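Here is the structure we will look at.
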Amino acid sequence: MMNDSGFTVKPHYIYIANLLYPYLTLLIIPVIRGLLQYLFGGKGALSAVLTAEAVLLCVAVFVAVLKLKRIVLFFDRSISVQKGLFCRVSYRIPPSASKVVVLESNPLLKILGAYRLKIYTEAGLRRRPDESILVRRADAARIYAMYKVKGETVRSNTYGDVIMSAALSSSTAGLLLSIPIIKVVLSVLGEEIPSLLPALNNPELSYSWLETVGKYLTLALMIGYAVSFTVLLLKNYGFSSVRSNGRIMLDSGRLPHKTAVLEGRSVNAVKVLTAPLML
């Protein structure tokens with residue numbers, strides 16, 4: 001059951017990395033590269049451009065810190081959000097609103113003591129959360145305790161997880177994942193894809209060359225499929241579902257681990273997918 005007492009949630013300090021991400025290629029990388037060249041490249045003085053970029057980066061970091069401190073979420077029966085520095089935004093998600101609260105974690109976030117909190121509502125964009133911030137482990141535990149659903153649990157098993165992941169791993173995903181591997185293999189062979197394209201129209205193309213390319217392509221597709229299978233298995237392993245008092249809690253995955261809580265009325269349709277391998 002949802003607790004009546006409310007509490008305030010502030011972002012984890014590493015959320016500043018999300019706020020600074022838009023400046024990654026514009027300021028952060030150029031400043032770091034310029035400083036490395038200055039320190040290890042033998043240059044006697046900093047250029048005016050690098051100095052200006054460093055000053056702008058300091059301003060961006062200062063503004064990001066202020067934004068971080070201005071983000072506040074308050075959880076009781078509803079969810080209240082306040083954020084923004086120059087343009088202050090405040091809104092409230094009432095208990096009656098259709099919403100999904102998600103907590104995600106992975107090994108890196110756990111080491112840093114952080115969880116990613118995502119809040120979806122029907123008013124937001126499709127497949128994108130209304131809010132996505134990093135919160136401290138203690139706050140994540142309080143959110144989990146507030147929304148935790150207790151009741152009869154339906155769980156998957158390891159065999160079913162493996163079969164489902166194998167059935168849903170598509171050849172298209174394997175091919176897309178194999179492209180970087182193909183590039184690496186060709187580079188090891190001393191070739192590049194553009195240089196090989198004219199050779200495909202060569203009528204004197206040797207059978208041994210085609211056989212070699214076929215072997216490497218098959219290997220790349222197999223590796224791509226294995227990667228696709230591993231990603232799906234880690235994403236869905238250990239799935240469980242609990243339903244009680246009109247709310248549903250879904251728990252799944254190892255990398256990342258995800259816990260989602262939603263209102264039963266939010267489910268408008270259920271799709272059952274059964275691939276031939278699953279049968």
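Each chain in the structure tokens gets a letter, A, B and so on, in the order shown; residues start at 1 in every chain, and ligands are counted from 1 in the order they appear.
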Next on the checklist: Excluding Arg116 of chain A and its own-chain neighbours fewer than 2 positions away, which residues fall within 12 Å of it when counting only C-alpha atoms? Please give them as a VMD selection string.
Outcome noted: chain A and resid 11 to 12 14 to 15 18 101 to 106 108 to 110 112 to 114 118 to 119 129 131 to 137 139 to 141 143 256 to 260
Could you go through segment 10-127 of chain A and tell me which residues DSSP, when run on the backbone, assigns to strand (DSSP E), listing them as a tab-separated table (two decimals) with N, CA and C atoms, in the first residue's frame?
```tsv
chain	number	residue	atom	x	y	z
A	72	VAL	N	13.55	19.79	-7.31
A	72	VAL	CA	12.95	19.21	-6.11
A	72	VAL	C	11.73	18.40	-6.51
A	73	LEU	N	11.65	17.17	-6.01
A	73	LEU	CA	10.46	16.34	-6.18
A	73	LEU	C	9.90	16.02	-4.81
A	74	PHE	N	8.59	16.12	-4.68
A	74	PHE	CA	7.94	15.80	-3.41
A	74	PHE	C	6.93	14.68	-3.65
A	75	PHE	N	7.08	13.59	-2.90
A	75	PHE	CA	6.22	12.42	-3.03
A	75	PHE	C	5.31	12.33	-1.82
A	79	ILE	N	2.63	13.47	-6.87
A	79	ILE	CA	4.03	13.78	-7.13
A	79	ILE	C	4.11	15.24	-7.57
A	80	SER	N	4.87	16.05	-6.84
A	80	SER	CA	5.06	17.45	-7.18
A	80	SER	C	6.49	17.64	-7.67
A	81	VAL	N	6.65	18.40	-8.75
A	81	VAL	CA	7.95	18.62	-9.37
A	81	VAL	C	8.20	20.11	-9.48
A	82	GLN	N	9.39	20.54	-9.08
A	82	GLN	CA	9.83	21.92	-9.26
A	82	GLN	C	11.24	21.89	-9.84
A	83	LYS	N	11.45	22.64	-10.89
A	83	LYS	CA	12.76	22.66	-11.54
A	83	LYS	C	12.92	23.94	-12.34
A	89	VAL	N	9.69	25.98	-13.43
A	89	VAL	CA	8.60	25.10	-13.81
A	89	VAL	C	8.13	24.33	-12.58
A	90	SER	N	6.83	24.36	-12.32
A	90	SER	CA	6.25	23.61	-11.21
A	90	SER	C	4.97	22.94	-11.70
A	91	TYR	N	4.82	21.66	-11.37
A	91	TYR	CA	3.59	20.95	-11.71
A	91	TYR	C	3.38	19.81	-10.73
A	92	ARG	N	2.16	19.31	-10.72
A	92	ARG	CA	1.78	18.26	-9.78
A	92	ARG	C	1.06	17.15	-10.54
A	93	ILE	N	1.44	15.90	-10.24
A	93	ILE	CA	0.78	14.74	-10.82
A	93	ILE	C	-0.14	14.16	-9.75
A	99	LYS	N	-0.06	7.09	-14.47
A	99	LYS	CA	1.38	7.32	-14.45
A	99	LYS	C	2.13	6.01	-14.22
A	100	VAL	N	3.39	6.02	-14.59
A	100	VAL	CA	4.28	4.88	-14.37
A	100	VAL	C	5.54	5.40	-13.69
A	101	VAL	N	5.89	4.81	-12.56
A	101	VAL	CA	7.10	5.19	-11.83
A	101	VAL	C	8.11	4.06	-11.99
A	102	VAL	N	9.30	4.39	-12.50
A	102	VAL	CA	10.32	3.38	-12.80
A	102	VAL	C	11.61	3.70	-12.05
A	103	LEU	N	12.21	2.69	-11.46
A	103	LEU	CA	13.54	2.79	-10.85
A	103	LEU	C	14.48	1.85	-11.58
A	104	GLU	N	15.59	2.38	-12.09
A	104	GLU	CA	16.57	1.59	-12.83
A	104	GLU	C	17.92	1.66	-12.14
A	105	SER	N	18.67	0.57	-12.25
A	105	SER	CA	20.02	0.53	-11.71
A	105	SER	C	20.90	-0.34	-12.59
A	114	ALA	N	23.67	5.49	-6.83
A	114	ALA	CA	22.60	6.22	-7.52
A	114	ALA	C	21.65	5.26	-8.21
A	115	TYR	N	20.41	5.72	-8.39
A	115	TYR	CA	19.39	5.04	-9.17
A	115	TYR	C	18.77	6.05	-10.12
A	116	ARG	N	18.33	5.57	-11.27
A	116	ARG	CA	17.64	6.48	-12.20
A	116	ARG	C	16.13	6.37	-11.99
A	117	LEU	N	15.53	7.50	-11.71
A	117	LEU	CA	14.09	7.59	-11.52
A	117	LEU	C	13.45	8.14	-12.78
A	118	LYS	N	12.46	7.40	-13.32
A	118	LYS	CA	11.72	7.85	-14.49
A	118	LYS	C	10.23	7.90	-14.15
A	119	ILE	N	9.58	8.96	-14.58
A	119	ILE	CA	8.15	9.12	-14.37
A	119	ILE	C	7.49	9.35	-15.72
A	120	TYR	N	6.55	8.48	-16.07
A	120	TYR	CA	5.81	8.59	-17.31
A	120	TYR	C	4.35	8.96	-17.00
A	121	THR	N	3.76	9.82	-17.80
A	121	THR	CA	2.33	10.11	-17.71
A	121	THR	C	1.76	10.12	-19.12
```
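Minimum atom-to-atom distance to Tyr13 of chain A, evaluated using only C-alpha atoms, belongs to A:Leu66 out of A:Leu66, A:Leu27, A:Gln37, A:Val272.
As for atom CA of Leu219 of chain A and atom CA of Ser170 of chain A, they are spaced 15.8 Å apart.
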Item to check | Selection near Arg243 of chain A, 9 Å with only C-alpha atoms, sequence-local residues under 2 positions removed, as a PyMOL selection string | outcome: chain A and resi 149-153+241+245-250+264
Residue subset to file, keeping C-alpha atoms, as a PDB file, in the first residue's frame:
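Once written, part-v1.pdb looks like this:
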```pdb
ATOM      1  CA  VAL A 149       2.936  -3.833  -4.257  1.00  0.00           C
ATOM      2  CA  LYS A 150       2.439  -6.905  -2.084  1.00  0.00           C
ATOM      3  CA  GLY A 151       0.461  -9.884  -3.309  1.00  0.00           C
ATOM      4  CA  GLU A 152       0.652 -13.052  -5.344  1.00  0.00           C
ATOM      5  CA  THR A 153       3.682 -12.908  -7.611  1.00  0.00           C
ATOM      6  CA  SER A 241       4.730  -9.295 -11.805  1.00  0.00           C
ATOM      7  CA  ASN A 245      -5.343  -3.024  -5.029  1.00  0.00           C
ATOM      8  CA  GLY A 246      -5.506  -1.868  -8.623  1.00  0.00           C
ATOM      9  CA  ARG A 247      -1.747  -1.426  -9.013  1.00  0.00           C
ATOM     10  CA  ILE A 248       0.863  -3.524 -10.817  1.00  0.00           C
ATOM     11  CA  MET A 249       4.567  -3.820 -10.053  1.00  0.00           C
ATOM     12  CA  LEU A 250       6.912  -5.239 -12.690  1.00  0.00           C
ATOM     13  CA  GLY A 264      -4.103  -1.076 -13.418  1.00  0.00           C
TER      14      GLY A 264
END
```
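Of the listed residues A:Ser98, A:Tyr144, A:Gly224, A:Gly84, the one whose atoms come nearest to Ala123 of chain A is A:Ser98, with distances taken using only C-alpha atoms.
Going from atom CA of Ser78 of chain A to atom CA of Pro95 of chain A covers 4.9 Å.
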